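Have a look at the structure below, then the notes.
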Amino acid sequence: MKRPTLEAVAARAGVSRATVSRVVNGQTTVAPHIRDVVLRAIDELGYVPNSAARSLVTQRTDSVALVVSEPPTRVFSDDPLFATVIRSASLELEAADKQVVLMLASTAKSHARVERYIASGHVDGVMLISMHGADPLPSAIARMRVPVVSYGRPAVPIDIPFVDNDNVGGAEKAVRHLLDSGRTRIATIAGPLDMIAGQDRLAGYRNVLRDSDRRSIVAVGDFTRESGAIAMRQLLRDDPSLDAVFVANDLMAVGALQALRQAGRSVPGDVALVGFDDIEAAKYTDPPLTTMRHPVADQASAMVQLLLGLFQGGPSDPVILPTELVIRDSA
C-alpha cells in the first residue's frame, strides 16, 4: 500500500494542501472547524507526517544528542551512574516529545564522528556527560552555536551551561563526619584529576584537613571498583596507621572495602570509610556504606530542563544541587 500523502488528506478534507500543512505543523491560523475536518481526514487515511520534510519547514529535528565521553566498556559496566543519567534524561526528553540520540565519544575517531553529526544539523541540542580535561568536544560544539549543556561543570575553561552537585561541600561534610567521630589520620581515594568531580571532591577533603591542621594522605583512582582496591592497598603501604578514608565515589569504596578485608582491617573498627554518590549497592555492602547522597536522577532531569529552556531563549545560569550525608555502618 502507498503511504498517504499531504495531497490525499487535502482532497479528503476538501481544503488546500497549504491548509493541511499548517495543521500538521501546529500553526494556529486555521479556523477550529476546518482544523477538525483536517484532523479527521488524517485519522481516516492514517497519514503520518514526513519528519524530514517537516524539519525543513520548522528548522527543528526534535532530536537531542546525549554524548558520553567514555568507552562502551565503561558506560555499560557495573557503574550505575551512566544508566541512571541516560534513563532519567531519556524519560524527561520523551515527555517533551524529543528523540534521544546516544553517542559515545572516547577516541579521536569517535569525536570527529560526533562533531560531523552535530554540525550536519541532525539534532537541536546536545547534552555532554563525563567530560575529561582534554576533551575537544565542548569547544567544538560551542563554536557550532548549537544549544549545549553539560552534566557537571566542564573541565575546560569554556562558557557552557551546566548542572552539577556540590562536590566540594559534600566532600567537606564527609571528612568533618570522620573527624567528629574521633578519626585522626584520614586519607582519601580521589577520582581522576582530569575531571571536575575528582578535582572538587579532593579540594573539599583538603579544605577540612587544612583547617584542622592535619596532613593529607592521597591516592588516585579512576572511579572504578578495581582502582579503589588498588588505591586502598597503596594507602595502607604509605600510612599503615591510617584510621579513616574518604573515597570519591561508591564504586571505588566497594573496592576499598575488599582491599581492607584482604589486609585484615575491620571496618569501621580499624578504618572508617565514607563514599560518595549513594548508589543502590551502598546499602548492601558489608558493612553498609556511609556515603554522600548525590541526586543523579535529579541532576539529569535538571540538565534536560536547562536545555529545553535554552531552546526557548531561557537563562543559561548553572544549577548546583545539594548533597546529603547518609550515615550507615562503615563510619
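The chains in the C-alpha cells are called A, B, ... from first to last as shown; in each chain the residues are counted from 1, and the ligands are counted from 1 in the order shown.
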
Once DSSP has gone over the backbone, tell me which residues of stretch 27-211 of chain A are in alpha helix (DSSP H), as a VMD selection string.
chain A and resid 32 to 45 51 to 58 72 to 75 80 to 95 108 to 119 137 to 144 167 to 180 196 to 211

Residues within 6 Å of stretch 204-208 of chain A, only C-alpha atoms, excluding chain neighbours under 6 positions, as a PyMOL selection string
chain A and resi 168+171-172

Atoms to include: C-alpha atoms. Write the selected residues as a PDB file, in the first residue's frame.
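Result went into result-v9.pdb, see below:
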```pdb
ATOM      1  CA  VAL A 168      33.306  20.460  47.365  1.00  0.00           C
ATOM      2  CA  ALA A 171      33.383  16.161  50.471  1.00  0.00           C
ATOM      3  CA  GLU A 172      33.778  18.628  53.332  1.00  0.00           C
TER       4      GLU A 172
END
```

Give me, please, the distance in Å between atom CA of A:Leu289 and atom CA of A:Leu273, quoted to one decimal.
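Atom CA of A:Leu289 sits 7.3 Å away from atom CA of A:Leu273.
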
Determine the nearest neighbour of A:Val23 from the options A:Val9, A:Leu308, A:Ala119, A:Leu39, counting only C-alpha atoms.
A:Leu39

Which residue of A:Asp213, A:Val247, A:Arg183, A:Arg201 approaches A:Val271 most closely, using only C-alpha atoms
A:Arg183

Quick one: DSSP strand (DSSP E or B) residues in stretch 8-168 of chain A, as an MDAnalysis selection string?
chainID A and resid 63:68 99:104 125:129 148:151 162:165

Serialized selection, N, CA and C atoms, as a compact mmCIF listing (two decimals), in the first residue's frame:
```
# COMPACT_ATOMS: atom_id res chain seq x y z
N SER A 63 15.22 16.20 18.00
CA SER A 63 16.17 15.20 18.50
C SER A 63 17.26 15.90 19.31
N VAL A 64 17.73 15.20 20.32
CA VAL A 64 18.80 15.71 21.19
C VAL A 64 19.88 14.66 21.30
N ALA A 65 21.13 15.05 21.14
CA ALA A 65 22.25 14.12 21.28
C ALA A 65 22.70 14.06 22.73
N LEU A 66 22.80 12.86 23.26
CA LEU A 66 23.33 12.61 24.59
C LEU A 66 24.72 12.01 24.39
N VAL A 67 25.76 12.82 24.59
CA VAL A 67 27.12 12.44 24.25
C VAL A 67 27.88 12.08 25.52
N VAL A 68 28.35 10.84 25.59
CA VAL A 68 29.10 10.34 26.74
C VAL A 68 30.55 10.12 26.33
N GLN A 99 13.34 13.12 20.69
CA GLN A 99 14.03 11.86 20.45
C GLN A 99 15.46 11.95 20.99
N VAL A 100 15.94 10.87 21.64
CA VAL A 100 17.28 10.84 22.20
C VAL A 100 18.21 10.08 21.26
N VAL A 101 19.36 10.67 20.97
CA VAL A 101 20.39 10.01 20.19
C VAL A 101 21.60 9.82 21.09
N LEU A 102 21.88 8.57 21.49
CA LEU A 102 23.01 8.28 22.38
C LEU A 102 24.27 8.12 21.54
N MET A 103 25.31 8.88 21.89
CA MET A 103 26.57 8.83 21.15
C MET A 103 27.72 8.70 22.13
N LEU A 104 28.61 7.73 21.87
CA LEU A 104 29.78 7.52 22.73
C LEU A 104 31.00 8.11 22.03
N GLY A 125 19.95 20.03 19.93
CA GLY A 125 20.77 20.38 21.08
C GLY A 125 21.60 19.19 21.51
N VAL A 126 22.52 19.46 22.45
CA VAL A 126 23.48 18.44 22.89
C VAL A 126 23.60 18.46 24.40
N MET A 127 23.67 17.26 25.00
CA MET A 127 23.97 17.12 26.42
C MET A 127 25.28 16.34 26.54
N LEU A 128 26.23 16.89 27.27
CA LEU A 128 27.55 16.29 27.42
C LEU A 128 27.67 15.64 28.79
N ILE A 129 28.19 14.42 28.82
CA ILE A 129 28.34 13.67 30.07
C ILE A 129 29.75 13.14 30.18
N VAL A 148 23.79 23.67 24.04
CA VAL A 148 24.51 22.57 24.68
C VAL A 148 24.54 22.79 26.19
N VAL A 149 24.40 21.70 26.94
CA VAL A 149 24.53 21.74 28.39
C VAL A 149 25.43 20.58 28.81
N SER A 150 26.02 20.72 29.98
CA SER A 150 26.95 19.71 30.48
C SER A 150 26.45 19.13 31.80
N TYR A 151 26.60 17.81 31.93
CA TYR A 151 26.34 17.14 33.20
C TYR A 151 27.62 17.28 34.03
N PHE A 162 25.67 24.38 32.71
CA PHE A 162 25.86 23.06 33.30
C PHE A 162 24.99 22.87 34.53
N VAL A 163 24.81 21.60 34.89
CA VAL A 163 24.14 21.22 36.14
C VAL A 163 25.12 20.34 36.90
N ASP A 164 25.37 20.67 38.15
CA ASP A 164 26.32 19.90 38.96
C ASP A 164 25.77 19.74 40.36
N ASN A 165 26.44 18.92 41.16
CA ASN A 165 26.11 18.87 42.58
C ASN A 165 27.24 19.52 43.36
```

I'd like the interatomic distance between atom CA of A:Ala197 and atom CA of A:Asn167, to a tenth of an Å.
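Taking atom CA of A:Ala197 and atom CA of A:Asn167, their separation equals 6.4 Å.
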
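Remark: for A:Ala187, the closest of the candidate residues A:Met292, A:Leu257, A:Ala331, A:Ala244 is A:Ala244 (distances computed over only C-alpha atoms).
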
Can you work out which one of A:Ala95, A:Ile42, A:Asp317, A:Ser16 has the shortest atom-to-atom distance to A:Arg3, counting only C-alpha atoms?
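That would be A:Ile42, the residue with the smallest distance to A:Arg3.
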
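Each of A:Ser88, A:Lys173, A:Ile217, A:Pro72 was checked against A:Pro295 using only C-alpha atoms; the smallest atom-to-atom distance is that of A:Ser88.
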
I want to know what sits within 12 Å of A:Arg12, based on only C-alpha atoms, with residues of the same chain fewer than 2 positions away left out; could you give that as a list in words?
Pro4, Thr5, Leu6, Glu7, Ala8, Val9, Ala10, Gly14, Val15, Ser16, Arg17, Val20, Val37, Val38, Leu39, Arg40, Ala41, Ile42, Asp43, Glu44, Leu45, Gly46 and Tyr47 of chain A

How many Å lie between atom CA of A:Ala219 and atom CA of A:Tyr284, rounded to one decimal?
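About the pair atom CA of A:Ala219 and atom CA of A:Tyr284: they are 25.1 Å apart.
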